>>> print(open('final.cif').read())   # mmCIF, C-alpha atoms and all ligand atoms
data_model
loop_
_atom_site.group_PDB
_atom_site.id
_atom_site.type_symbol
_atom_site.label_atom_id
_atom_site.label_comp_id
_atom_site.auth_asym_id
_atom_site.auth_seq_id
_atom_site.Cartn_x
_atom_site.Cartn_y
_atom_site.Cartn_z
ATOM 1 C CA MET A 1 -5.727 -29.320 6.486
ATOM 2 C CA LYS A 2 -4.781 -25.692 5.788
ATOM 3 C CA GLU A 3 -7.230 -23.490 3.893
ATOM 4 C CA ILE A 4 -6.840 -20.439 1.698
ATOM 5 C CA MET A 5 -8.594 -17.385 3.191
ATOM 6 C CA LEU A 6 -10.581 -15.359 0.642
ATOM 7 C CA LEU A 7 -11.128 -11.818 1.891
ATOM 8 C CA ASP A 8 -13.962 -9.318 1.554
ATOM 9 C CA PRO A 9 -12.336 -5.883 1.371
ATOM 10 C CA VAL A 10 -13.353 -2.625 3.014
ATOM 11 C CA CYS A 11 -13.624 0.429 0.740
ATOM 12 C CA THR A 12 -13.263 4.040 1.862
ATOM 13 C CA HIS A 13 -14.750 7.293 0.580
ATOM 14 C CA ASN A 14 -12.260 10.104 0.001
ATOM 15 C CA ILE A 15 -12.667 13.555 -1.549
ATOM 16 C CA TRP A 16 -10.094 12.619 -4.188
ATOM 17 C CA GLY A 17 -11.563 9.136 -4.914
ATOM 18 C CA GLY A 18 -13.337 7.894 -8.043
ATOM 19 C CA THR A 19 -15.451 5.074 -9.461
ATOM 20 C CA ARG A 20 -12.866 2.630 -10.842
ATOM 21 C CA LEU A 21 -12.835 0.398 -7.753
ATOM 22 C CA ARG A 22 -16.507 -0.358 -8.402
ATOM 23 C CA GLU A 23 -16.516 -0.223 -12.207
ATOM 24 C CA GLU A 24 -13.237 -2.027 -12.953
ATOM 25 C CA PHE A 25 -12.659 -4.117 -9.828
ATOM 26 C CA GLY A 26 -16.277 -4.928 -9.020
ATOM 27 C CA TYR A 27 -16.387 -3.899 -5.372
ATOM 28 C CA PRO A 28 -20.030 -3.371 -4.375
ATOM 29 C CA VAL A 29 -19.770 0.220 -3.134
ATOM 30 C CA GLU A 30 -21.932 3.203 -4.087
ATOM 31 C CA GLY A 31 -20.655 6.697 -4.786
ATOM 32 C CA ASP A 32 -18.184 8.473 -7.034
ATOM 33 C CA ASP A 33 -15.660 9.116 -4.265
ATOM 34 C CA ILE A 34 -14.291 5.628 -3.630
ATOM 35 C CA GLY A 35 -10.616 6.264 -2.904
ATOM 36 C CA GLU A 36 -9.298 3.069 -1.361
ATOM 37 C CA CYS A 37 -9.973 -0.640 -1.204
ATOM 38 C CA TRP A 38 -8.355 -2.124 1.910
ATOM 39 C CA GLY A 39 -7.973 -5.600 0.495
ATOM 40 C CA ILE A 40 -5.853 -7.332 3.134
ATOM 41 C CA SER A 41 -6.210 -5.430 6.362
ATOM 42 C CA ALA A 42 -6.522 -6.025 10.087
ATOM 43 C CA HIS A 43 -6.474 -2.323 10.955
ATOM 44 C CA PRO A 44 -9.270 -1.048 13.274
ATOM 45 C CA ASN A 45 -10.208 1.538 10.606
ATOM 46 C CA GLY A 46 -10.965 -1.253 8.116
ATOM 47 C CA ASP A 47 -10.785 -4.897 9.137
ATOM 48 C CA THR A 48 -11.310 -7.333 6.242
ATOM 49 C CA VAL A 49 -13.603 -10.336 6.695
ATOM 50 C CA ILE A 50 -12.874 -13.946 5.687
ATOM 51 C CA ARG A 51 -15.464 -15.167 3.220
ATOM 52 C CA ASN A 52 -14.916 -18.933 3.176
ATOM 53 C CA GLY A 53 -13.843 -22.001 5.121
ATOM 54 C CA SER A 54 -13.413 -22.530 8.870
ATOM 55 C CA TYR A 55 -12.865 -18.847 9.599
ATOM 56 C CA ARG A 56 -15.842 -17.640 7.563
ATOM 57 C CA SER A 57 -17.249 -14.301 8.884
ATOM 58 C CA MET A 58 -14.278 -13.691 11.177
ATOM 59 C CA THR A 59 -12.200 -10.548 10.728
ATOM 60 C CA LEU A 60 -8.544 -10.848 9.850
ATOM 61 C CA SER A 61 -7.564 -9.300 13.205
ATOM 62 C CA GLN A 62 -9.589 -11.962 15.021
ATOM 63 C CA VAL A 63 -7.941 -14.830 13.107
ATOM 64 C CA TRP A 64 -4.565 -13.199 13.814
ATOM 65 C CA ARG A 65 -5.312 -13.107 17.573
ATOM 66 C CA GLU A 66 -6.900 -16.536 17.904
ATOM 67 C CA HIS A 67 -4.866 -18.524 15.362
ATOM 68 C CA PRO A 68 -1.313 -17.120 15.295
ATOM 69 C CA GLU A 69 -0.146 -20.458 13.889
ATOM 70 C CA GLU A 70 -1.776 -19.526 10.544
ATOM 71 C CA PHE A 71 0.805 -16.735 10.287
ATOM 72 C CA GLY A 72 3.843 -18.691 11.458
ATOM 73 C CA ASN A 73 3.562 -17.303 15.031
ATOM 74 C CA LEU A 74 5.167 -14.013 13.967
ATOM 75 C CA PRO A 75 6.303 -11.961 16.995
ATOM 76 C CA TYR A 76 4.009 -8.948 16.443
ATOM 77 C CA ASP A 77 1.022 -7.785 18.481
ATOM 78 C CA ARG A 78 -1.011 -7.161 15.293
ATOM 79 C CA PHE A 79 -1.096 -8.315 11.677
ATOM 80 C CA PRO A 80 1.929 -6.434 10.332
ATOM 81 C CA LEU A 81 0.913 -5.458 6.789
ATOM 82 C CA LEU A 82 -1.889 -3.695 4.946
ATOM 83 C CA THR A 83 -2.575 -4.065 1.214
ATOM 84 C CA LYS A 84 -4.662 -1.399 -0.524
ATOM 85 C CA ILE A 85 -5.716 -0.445 -4.019
ATOM 86 C CA ILE A 86 -5.943 3.326 -4.461
ATOM 87 C CA ASP A 87 -7.934 5.129 -7.168
ATOM 88 C CA ALA A 88 -7.004 8.814 -7.397
ATOM 89 C CA ARG A 89 -9.464 10.831 -9.485
ATOM 90 C CA GLU A 90 -7.769 13.963 -8.172
ATOM 91 C CA ASP A 91 -4.337 14.783 -6.785
ATOM 92 C CA LEU A 92 -3.766 13.604 -3.218
ATOM 93 C CA SER A 93 -2.153 15.970 -0.737
ATOM 94 C CA ILE A 94 1.633 16.004 -0.292
ATOM 95 C CA GLN A 95 2.429 13.692 2.620
ATOM 96 C CA VAL A 96 5.129 12.123 4.709
ATOM 97 C CA HIS A 97 5.074 9.257 7.229
ATOM 98 C CA PRO A 98 6.991 8.715 10.482
ATOM 99 C CA ASP A 99 9.132 5.675 11.270
ATOM 100 C CA ASP A 100 8.427 3.205 14.103
ATOM 101 C CA VAL A 101 10.439 5.113 16.700
ATOM 102 C CA TYR A 102 8.736 8.459 16.056
ATOM 103 C CA ALA A 103 5.248 6.934 15.776
ATOM 104 C CA LYS A 104 5.663 4.992 19.013
ATOM 105 C CA ASP A 105 6.537 8.201 20.895
ATOM 106 C CA HIS A 106 4.170 10.629 19.176
ATOM 107 C CA GLU A 107 1.249 8.490 17.939
ATOM 108 C CA ASN A 108 0.168 6.298 20.821
ATOM 109 C CA GLY A 109 2.366 3.309 20.096
ATOM 110 C CA SER A 110 1.324 3.034 16.436
ATOM 111 C CA PHE A 111 3.618 1.421 13.884
ATOM 112 C CA GLY A 112 5.420 3.830 11.595
ATOM 113 C CA LYS A 113 4.637 3.620 7.912
ATOM 114 C CA THR A 114 6.879 2.264 5.216
ATOM 115 C CA GLU A 115 4.997 1.675 1.975
ATOM 116 C CA CYS A 116 5.596 0.343 -1.497
ATOM 117 C CA TRP A 117 3.582 1.253 -4.598
ATOM 118 C CA TYR A 118 2.972 -0.862 -7.664
ATOM 119 C CA ILE A 119 1.519 1.250 -10.479
ATOM 120 C CA VAL A 120 -1.448 -0.661 -11.906
ATOM 121 C CA ASP A 121 -2.415 2.163 -14.259
ATOM 122 C CA CYS A 122 -1.497 5.785 -14.920
ATOM 123 C CA PRO A 123 -1.728 8.396 -17.693
ATOM 124 C CA ASP A 124 0.970 8.601 -20.404
ATOM 125 C CA ASP A 125 3.925 10.842 -19.483
ATOM 126 C CA ALA A 126 2.848 10.803 -15.838
ATOM 127 C CA THR A 127 4.885 11.983 -12.878
ATOM 128 C CA LEU A 128 4.662 11.420 -9.133
ATOM 129 C CA VAL A 129 5.953 13.541 -6.274
ATOM 130 C CA ILE A 130 8.749 11.494 -4.670
ATOM 131 C CA GLY A 131 11.288 13.319 -2.525
ATOM 132 C CA HIS A 132 12.299 16.976 -2.524
ATOM 133 C CA ASN A 133 15.107 19.272 -3.623
ATOM 134 C CA ALA A 134 16.165 20.890 -0.334
ATOM 135 C CA LYS A 135 19.815 20.339 0.586
ATOM 136 C CA SER A 136 19.555 21.043 4.303
ATOM 137 C CA LYS A 137 16.942 21.179 7.052
ATOM 138 C CA GLU A 138 17.246 25.001 7.100
ATOM 139 C CA GLU A 139 16.610 25.202 3.365
ATOM 140 C CA LEU A 140 13.648 22.837 3.704
ATOM 141 C CA GLU A 141 12.089 24.929 6.461
ATOM 142 C CA ARG A 142 12.666 28.160 4.557
ATOM 143 C CA MET A 143 11.116 26.813 1.331
ATOM 144 C CA VAL A 144 8.065 25.509 3.212
ATOM 145 C CA GLU A 145 7.661 28.780 5.104
ATOM 146 C CA GLU A 146 7.864 30.780 1.877
ATOM 147 C CA GLY A 147 5.529 28.392 0.037
ATOM 148 C CA ARG A 148 8.061 27.600 -2.731
ATOM 149 C CA TRP A 149 6.404 24.243 -3.451
ATOM 150 C CA LYS A 150 7.216 24.035 -7.165
ATOM 151 C CA GLU A 151 10.904 24.401 -6.430
ATOM 152 C CA LEU A 152 10.835 22.122 -3.400
ATOM 153 C CA LEU A 153 8.854 19.106 -4.583
ATOM 154 C CA ARG A 154 10.646 16.597 -6.808
ATOM 155 C CA GLU A 155 8.546 15.090 -9.593
ATOM 156 C CA LEU A 156 9.792 11.885 -11.187
ATOM 157 C CA PRO A 157 8.539 10.358 -14.468
ATOM 158 C CA VAL A 158 6.876 6.961 -13.920
ATOM 159 C CA SER A 159 4.907 4.443 -15.947
ATOM 160 C CA LYS A 160 2.600 1.453 -15.614
ATOM 161 C CA GLY A 161 4.322 -1.474 -13.911
ATOM 162 C CA ASP A 162 6.773 0.682 -11.936
ATOM 163 C CA MET A 163 7.462 -0.079 -8.304
ATOM 164 C CA ILE A 164 8.294 2.671 -5.825
ATOM 165 C CA GLN A 165 9.425 2.192 -2.246
ATOM 166 C CA ILE A 166 8.374 5.061 0.048
ATOM 167 C CA SER A 167 10.500 4.908 3.187
ATOM 168 C CA PRO A 168 9.513 6.954 6.261
ATOM 169 C CA GLY A 169 10.590 10.559 5.825
ATOM 170 C CA THR A 170 10.027 10.523 2.045
ATOM 171 C CA VAL A 171 7.803 13.362 0.833
ATOM 172 C CA HIS A 172 5.294 11.859 -1.632
ATOM 173 C CA ALA A 173 2.011 12.324 -3.416
ATOM 174 C CA ILE A 174 -0.147 10.282 -5.745
ATOM 175 C CA LYS A 175 -1.570 12.317 -8.606
ATOM 176 C CA ALA A 176 -4.825 12.276 -10.536
ATOM 177 C CA GLY A 177 -5.316 9.302 -12.874
ATOM 178 C CA PHE A 178 -3.204 6.830 -10.903
ATOM 179 C CA LEU A 179 -4.382 3.400 -9.825
ATOM 180 C CA ILE A 180 -1.915 1.931 -7.355
ATOM 181 C CA LEU A 181 -1.552 -1.198 -5.270
ATOM 182 C CA GLU A 182 0.074 -0.271 -1.989
ATOM 183 C CA THR A 183 1.779 -2.720 0.350
ATOM 184 C CA GLN A 184 2.497 -1.040 3.661
ATOM 185 C CA GLN A 185 3.055 -1.479 7.361
ATOM 186 C CA ASN A 186 -0.233 -1.784 9.233
ATOM 187 C CA SER A 187 -0.479 1.884 10.146
ATOM 188 C CA ASP A 188 -2.701 4.832 9.314
ATOM 189 C CA ILE A 189 -0.371 7.663 10.382
ATOM 190 C CA THR A 190 0.047 10.343 7.719
ATOM 191 C CA TYR A 191 1.354 13.890 8.056
ATOM 192 C CA ARG A 192 -0.025 16.306 5.488
ATOM 193 C CA VAL A 193 2.643 18.742 4.307
ATOM 194 C CA TYR A 194 0.754 20.658 1.612
ATOM 195 C CA ASP A 195 -2.718 20.394 0.082
ATOM 196 C CA TYR A 196 -2.394 22.665 -2.989
ATOM 197 C CA ASP A 197 -4.315 25.313 -1.000
ATOM 198 C CA ARG A 198 -7.534 23.373 -1.647
ATOM 199 C CA ARG A 199 -10.660 23.669 0.455
ATOM 200 C CA SER A 200 -12.947 20.887 1.613
ATOM 201 C CA ASN A 201 -16.443 22.168 2.522
ATOM 202 C CA GLY A 202 -15.042 25.686 2.437
ATOM 203 C CA VAL A 203 -12.124 25.101 4.808
ATOM 204 C CA PRO A 204 -8.551 23.982 4.148
ATOM 205 C CA ARG A 205 -7.732 20.494 5.472
ATOM 206 C CA GLU A 206 -5.435 20.401 8.480
ATOM 207 C CA LEU A 207 -1.691 20.397 7.802
ATOM 208 C CA HIS A 208 0.921 18.823 10.102
ATOM 209 C CA ILE A 209 3.924 21.049 9.407
ATOM 210 C CA GLU A 210 5.731 20.636 12.701
ATOM 211 C CA LYS A 211 5.627 16.835 12.710
ATOM 212 C CA SER A 212 6.470 16.797 8.992
ATOM 213 C CA MET A 213 9.586 18.903 9.618
ATOM 214 C CA ASP A 214 10.583 16.452 12.374
ATOM 215 C CA VAL A 215 10.418 13.420 10.090
ATOM 216 C CA ILE A 216 11.299 14.558 6.526
ATOM 217 C CA GLN A 217 14.597 13.033 5.459
ATOM 218 C CA VAL A 218 17.167 15.592 4.203
ATOM 219 C CA PRO A 219 18.550 15.239 1.615
ATOM 220 C CA ALA A 220 16.065 12.937 -0.122
ATOM 221 C CA LYS A 221 17.044 9.545 -1.546
ATOM 222 C CA SER A 222 18.401 9.930 -5.107
ATOM 223 C CA ALA A 223 15.955 9.717 -8.010
ATOM 224 C CA PRO A 224 17.420 6.573 -9.671
ATOM 225 C CA ASP A 225 17.155 4.751 -6.322
ATOM 226 C CA SER A 226 13.449 5.537 -6.074
ATOM 227 C CA VAL A 227 11.693 4.000 -9.119
ATOM 228 C CA LYS A 228 12.091 0.510 -10.604
ATOM 229 C CA SER A 229 10.299 -1.077 -13.582
ATOM 230 C CA THR A 230 8.807 -4.565 -13.225
ATOM 231 C CA LEU A 231 7.918 -5.119 -16.879
ATOM 232 C CA GLY A 232 9.157 -8.131 -18.828
ATOM 233 C CA LEU A 233 9.665 -10.509 -15.894
ATOM 234 C CA PRO A 234 9.414 -14.262 -16.587
ATOM 235 C CA VAL A 235 5.839 -15.619 -16.483
ATOM 236 C CA ASN A 236 4.536 -18.390 -14.196
ATOM 237 C CA GLN A 237 6.912 -17.689 -11.351
ATOM 238 C CA LEU A 238 7.119 -15.472 -8.276
ATOM 239 C CA ASN A 239 9.484 -12.616 -9.121
ATOM 240 C CA GLU A 240 10.770 -10.746 -6.100
ATOM 241 C CA ILE A 241 10.448 -7.013 -6.799
ATOM 242 C CA TYR A 242 11.272 -5.580 -3.385
ATOM 243 C CA ALA A 243 12.433 -6.565 0.086
ATOM 244 C CA CYS A 244 13.010 -4.419 3.164
ATOM 245 C CA GLU A 245 13.010 -4.996 6.911
ATOM 246 C CA TYR A 246 9.183 -5.203 6.981
ATOM 247 C CA TYR A 247 8.089 -7.063 3.869
ATOM 248 C CA LYS A 248 8.995 -8.928 0.743
ATOM 249 C CA ILE A 249 6.969 -8.294 -2.434
ATOM 250 C CA TRP A 250 6.618 -10.405 -5.550
ATOM 251 C CA LYS A 251 4.911 -10.018 -8.900
ATOM 252 C CA ALA A 252 3.589 -13.016 -10.810
ATOM 253 C CA GLU A 253 2.003 -13.170 -14.219
ATOM 254 C CA ILE A 254 0.204 -16.429 -14.813
ATOM 255 C CA ASP A 255 -0.269 -17.653 -18.345
ATOM 256 C CA GLY A 256 -1.179 -21.284 -17.865
ATOM 257 C CA LYS A 257 0.034 -22.649 -14.559
ATOM 258 C CA MET A 258 2.360 -21.813 -11.669
ATOM 259 C CA GLU A 259 3.087 -24.158 -8.794
ATOM 260 C CA VAL A 260 4.950 -22.792 -5.771
ATOM 261 C CA GLU A 261 5.699 -23.965 -2.253
ATOM 262 C CA GLN A 262 4.376 -21.645 0.446
ATOM 263 C CA ASN A 263 7.191 -21.502 3.022
ATOM 264 C CA ASP A 264 6.708 -17.952 4.294
ATOM 265 C CA PRO A 265 4.837 -16.930 7.485
ATOM 266 C CA PHE A 266 1.887 -16.235 5.160
ATOM 267 C CA LEU A 267 1.409 -15.196 1.544
ATOM 268 C CA SER A 268 -0.878 -12.259 0.746
ATOM 269 C CA VAL A 269 -2.168 -12.376 -2.840
ATOM 270 C CA SER A 270 -3.976 -9.611 -4.759
ATOM 271 C CA ILE A 271 -5.275 -10.264 -8.268
ATOM 272 C CA LEU A 272 -4.961 -7.131 -10.400
ATOM 273 C CA GLU A 273 -5.816 -8.454 -13.869
ATOM 274 C CA GLY A 274 -7.539 -11.463 -15.381
ATOM 275 C CA ALA A 275 -9.106 -14.558 -13.871
ATOM 276 C CA GLY A 276 -8.244 -18.129 -12.999
ATOM 277 C CA SER A 277 -8.049 -20.359 -9.975
ATOM 278 C CA VAL A 278 -6.012 -20.866 -6.813
ATOM 279 C CA ASP A 279 -5.902 -24.563 -5.905
ATOM 280 C CA GLY A 280 -9.178 -25.075 -7.741
ATOM 281 C CA GLN A 281 -10.925 -22.091 -6.156
ATOM 282 C CA ALA A 282 -12.149 -19.665 -8.845
ATOM 283 C CA VAL A 283 -10.766 -16.118 -8.497
ATOM 284 C CA LYS A 284 -10.752 -12.965 -10.603
ATOM 285 C CA LYS A 285 -9.513 -9.386 -10.760
ATOM 286 C CA GLY A 286 -10.102 -7.635 -7.441
ATOM 287 C CA GLN A 287 -9.884 -10.751 -5.248
ATOM 288 C CA HIS A 288 -7.515 -10.637 -2.271
ATOM 289 C CA LEU A 289 -6.558 -13.756 -0.327
ATOM 290 C CA ILE A 290 -4.095 -15.162 2.186
ATOM 291 C CA VAL A 291 -2.324 -18.501 1.922
ATOM 292 C CA PRO A 292 -1.501 -19.532 5.522
ATOM 293 C CA PHE A 293 1.737 -20.799 7.025
ATOM 294 C CA GLY A 294 2.583 -24.416 6.280
ATOM 295 C CA TYR A 295 0.179 -24.686 3.347
ATOM 296 C CA GLY A 296 2.674 -26.522 1.169
ATOM 297 C CA ASN A 297 2.364 -26.562 -2.605
ATOM 298 C CA ILE A 298 -0.137 -24.269 -4.203
ATOM 299 C CA VAL A 299 -1.256 -24.110 -7.835
ATOM 300 C CA PHE A 300 -2.284 -20.929 -9.641
ATOM 301 C CA GLU A 301 -3.918 -21.395 -13.043
ATOM 302 C CA GLY A 302 -5.399 -19.112 -15.664
ATOM 303 C CA CYS A 303 -4.423 -15.765 -17.090
ATOM 304 C CA MET A 304 -3.771 -13.303 -14.251
ATOM 305 C CA THR A 305 -1.437 -10.623 -12.921
ATOM 306 C CA MET A 306 -0.873 -10.738 -9.164
ATOM 307 C CA ILE A 307 1.119 -8.963 -6.472
ATOM 308 C CA GLU A 308 2.097 -11.076 -3.454
ATOM 309 C CA SER A 309 3.704 -10.171 -0.178
ATOM 310 C CA THR A 310 4.748 -11.517 3.183
ATOM 311 C CA ALA A 311 6.053 -10.026 6.409
ATOM 312 C CA ILE A 312 9.635 -10.365 7.586
HETATM 313 ZN ZN ZN B 401 1.804 7.480 1.950
#
>>> encode(input="final.cif", output="C-alpha cells")
Amino acid sequence: MKEIMLLDPVCTHNIWGGTRLREEFGYPVEGDDIGECWGISAHPNGDTVIRNGSYRSMTLSQVWREHPEEFGNLPYDRFPLLTKIIDAREDLSIQVHPDDVYAKDHENGSFGKTECWYIVDCPDDATLVIGHNAKSKEELERMVEEGRWKELLRELPVSKGDMIQISPGTVHAIKAGFLILETQQNSDITYRVYDYDRRSNGVPRELHIEKSMDVIQVPAKSAPDSVKSTLGLPVNQLNEIYACEYYKIWKAEIDGKMEVEQNDPFLSVSILEGAGSVDGQAVKKGQHLIVPFGYGNIVFEGCMTMIESTAI
C-alpha cells in the first residue's frame, strides 16, 4: 500500500528575506529575514523530513537512497528536483546559473541549474530582470566592465500567476515584493553578476564575474518567449504549464474535487492557497507533499491552488 509523504520544510535566513513565510504560510521560524522555504528538497544544504507514515522522521534523501522504487527507479544519483518558496523583502542580486556540463567541470560534479518561477504574489506594475540587451560577448563584457547595468539588464513586466522559465545562462533577479514558487534542478550553484553595489556587514558580497561571463547566453532569449500567464485555466484538473528536459510542471485549482491517476515517477505537490484534503488527509496552504510512483488514483478535495511537478 503506497502512502503520501507529507514533508516538513527547511527555511533559510537571507539578508533580503522577510516575514511572509511565517506570517502567511505558517512555517514555525523566527526572524524577519526568512528568505526561502525549501519545501521539497533532498539537497545537503536543506534536506526535508517526512512527517507521516512508514518513512516518518526520515529525510527525503534517505528515502531516495533506500527506496528508489517510490520514485520509479529514476536513473539519477540524487533526488533530481528542488521546490522552494521565496519571499523577497528586498531586491536579490543579479545572478546566472551554469548548465550541467559547466557545473560538472567547475563545481565538483554538481548538477547545473535550470529553474522555473511561478509568481504567487507581486506588486502592481512589477518587473523582473530576465535576460540582457547585449548583442555580442564583447558588448556584454564591455558593458559589465563599464558598469552600464541599467542599459544591460532587461526588465520585463510580469504579474501574479505568470510562469517564467530560467534556463542556464539567463541573467535574472527577483525584486522586492515578490513571492515566488521555484521548481528547479537539485543544485545550489549561483554566480552573482551584480549586487547593486550593496554592502553586507560593511563589505560587498563576492561577485563571480569570470564564471558569469563563461556561462551567460548571448544574445538572450526573446522577451515574448520568457513569460507566460497561467490565469484562467480550467478548474479541477492538472494543467501542464511547462515541460523541459528536467521537469514537467502543472497548476491545479481545486474547487470541489479532482481525481487524477498518478502515473509519473513521483508527483511533488505544493499548496499555495486554501485548504482541503488529499485522499482524506487534511492539508492547507504551505503544505508540501510527494505522491509516490504507482500510487494509482488520488483525490484532491476542497478549495486550493497547487503547483505540481515531476522529473523527466
Ligand atoms: Zn536563480
>>> residues_near_ligand(input="final.cif", ligand="ligand ZN 401 (chain B)", cutoff="7 Å", atoms="all atoms listed in the file", output="count of residues only")
6
>>> resolve_selection(input="final.cif", expression="the PyMOL selection byres (((chain A and resi 6) around 10) and not hetatm)", output="mmCIF file with C-alpha atoms, in the frame of the given file")
data_model
loop_
_atom_site.group_PDB
_atom_site.id
_atom_site.type_symbol
_atom_site.label_atom_id
_atom_site.label_comp_id
_atom_site.auth_asym_id
_atom_site.auth_seq_id
_atom_site.Cartn_x
_atom_site.Cartn_y
_atom_site.Cartn_z
ATOM 1 C CA GLU A 3 -7.230 -23.490 3.893
ATOM 2 C CA ILE A 4 -6.840 -20.439 1.698
ATOM 3 C CA MET A 5 -8.594 -17.385 3.191
ATOM 4 C CA LEU A 7 -11.128 -11.818 1.891
ATOM 5 C CA ASP A 8 -13.962 -9.318 1.554
ATOM 6 C CA PRO A 9 -12.336 -5.883 1.371
ATOM 7 C CA ILE A 40 -5.853 -7.332 3.134
ATOM 8 C CA THR A 48 -11.310 -7.333 6.242
ATOM 9 C CA VAL A 49 -13.603 -10.336 6.695
ATOM 10 C CA ILE A 50 -12.874 -13.946 5.687
ATOM 11 C CA ARG A 51 -15.464 -15.167 3.220
ATOM 12 C CA ASN A 52 -14.916 -18.933 3.176
ATOM 13 C CA GLY A 53 -13.843 -22.001 5.121
ATOM 14 C CA TYR A 55 -12.865 -18.847 9.599
ATOM 15 C CA ARG A 56 -15.842 -17.640 7.563
ATOM 16 C CA VAL A 269 -2.168 -12.376 -2.840
ATOM 17 C CA GLN A 281 -10.925 -22.091 -6.156
ATOM 18 C CA VAL A 283 -10.766 -16.118 -8.497
ATOM 19 C CA GLN A 287 -9.884 -10.751 -5.248
ATOM 20 C CA HIS A 288 -7.515 -10.637 -2.271
ATOM 21 C CA LEU A 289 -6.558 -13.756 -0.327
ATOM 22 C CA ILE A 290 -4.095 -15.162 2.186
ATOM 23 C CA VAL A 291 -2.324 -18.501 1.922
#
>>> residues_near_point(input="final.cif", point="(7.3, 5.8, -2.2)", cutoff="8 Å", atoms="all atoms listed in the file", output="PyMOL selection string")
chain A and resi 115-117+130+164-167+170+172+226
>>> residues_around(input="final.cif", residues="Ile174 in chain A", least_positions_apart="3", cutoff="9 Å", atoms="all atoms listed in the file", output="list in words")
Ala88, Glu90, Asp91, Leu92, Ser93, Ile94, Thr127, Leu128, Val129, Gly177, Phe178 and Ile180 of chain A
>>> resolve_selection(input="final.cif", expression="the PyMOL selection byres (((chain A and resi 15) around 10) and not hetatm)", output="ChimeraX atom specification")
/A:13-14,16-18,32-35,88-92,200
>>> closest_residue(input="final.cif", among="A:Pro168, A:Pro204, A:Pro265, A:Gly274", to="Ala103 in chain A", atoms="all atoms listed in the file")
A:Pro168
>>> atom_distance(input="final.cif", atom1="CA of Asp162 in chain A", atom2="CA of Cys37 in chain A")
19.9 Å
>>> closest_residue(input="final.cif", among="A:Val227, A:Ile119, A:Leu21, A:Leu238", to="Asp87 in chain A", atoms="all atoms listed in the file")
A:Leu21
>>> atom_distance(input="final.cif", atom1="CA of Ala134 in chain A", atom2="CA of Ala220 in chain A")
8.0 Å
>>> atom_distance(input="final.cif", atom1="CA of Gly131 in chain A", atom2="CA of Glu308 in chain A")
26.1 Å
>>> residues_around(input="final.cif", residues="Glu23 in chain A", least_positions_apart="3", cutoff="12 Å", atoms="all atoms listed in the file", output="ChimeraX atom specification")
/A:18-20,26-32,34,87,285-286
>>> residues_around(input="final.cif", residues="range 71-78 of chain A", least_positions_apart="2", cutoff="7 Å", atoms="only C-alpha atoms", output="PyMOL selection string")
chain A and resi 68-69+80+265-266+292-293
>>> resolve_selection(input="final.cif", expression="the PyMOL selection byres (((chain A and resi 275) around 12) and not hetatm)", output="ChimeraX atom specification")
/A:25,253-256,270-274,276-278,281-287,300-306
>>> closest_residue(input="final.cif", among="A:Gly39, A:Pro234, A:Gly296, A:Pro219", to="Arg154 in chain A", atoms="all atoms listed in the file")
A:Pro219
>>> closest_residue(input="final.cif", among="A:Lys84, A:Ala173, A:Ser187, A:Glu138", to="Gly109 in chain A", atoms="all atoms listed in the file")
A:Ser187
>>> closest_residue(input="final.cif", among="A:Glu66, A:Glu206, A:Glu146, A:Glu259", to="Val193 in chain A", atoms="all atoms listed in the file")
A:Glu206
>>> closest_residue(input="final.cif", among="A:Gly161, A:Gly202, A:Gly232, A:Pro44", to="Asp188 in chain A", atoms="only C-alpha atoms")
A:Pro44
>>> residues_around(input="final.cif", residues="Gln185 in chain A", least_positions_apart="5", cutoff="10 Å", atoms="all atoms listed in the file", output="PyMOL selection string")
chain A and resi 79-83+100+111-116+246-247+311
>>> residues_around(input="final.cif", residues="Asn297 in chain A", least_positions_apart="4", cutoff="10 Å", atoms="all atoms listed in the file", output="MDAnalysis selection string")
chainID A and resid 259:263 279
>>> decode(input="final.cif", residues="range 249-256 of chain A", atoms="N, CA, C and O atoms", output="compact mmCIF listing (two decimals), in the first residue's frame")
# COMPACT_ATOMS: atom_id res chain seq x y z
N ILE A 249 5.73 20.68 -15.16
CA ILE A 249 5.07 21.42 -14.08
C ILE A 249 3.60 21.63 -14.43
O ILE A 249 3.26 21.93 -15.58
N TRP A 250 2.75 21.43 -13.42
CA TRP A 250 1.33 21.64 -13.60
C TRP A 250 0.81 22.63 -12.56
O TRP A 250 1.38 22.78 -11.48
N LYS A 251 -0.31 23.27 -12.91
CA LYS A 251 -1.05 24.06 -11.93
C LYS A 251 -2.44 23.45 -11.82
O LYS A 251 -3.02 23.04 -12.83
N ALA A 252 -2.96 23.38 -10.60
CA ALA A 252 -4.33 22.90 -10.42
C ALA A 252 -5.04 23.78 -9.42
O ALA A 252 -4.50 24.08 -8.35
N GLU A 253 -6.23 24.22 -9.79
CA GLU A 253 -7.08 24.92 -8.84
C GLU A 253 -8.25 24.01 -8.52
O GLU A 253 -8.98 23.59 -9.43
N ILE A 254 -8.39 23.69 -7.25
CA ILE A 254 -9.45 22.78 -6.83
C ILE A 254 -10.60 23.60 -6.28
O ILE A 254 -10.43 24.45 -5.41
N ASP A 255 -11.78 23.36 -6.85
CA ASP A 255 -12.99 23.96 -6.29
C ASP A 255 -14.00 22.83 -6.27
O ASP A 255 -14.74 22.63 -7.22
N GLY A 256 -13.96 22.05 -5.19
CA GLY A 256 -14.76 20.83 -5.14
C GLY A 256 -13.83 19.63 -5.11
O GLY A 256 -13.19 19.37 -4.10
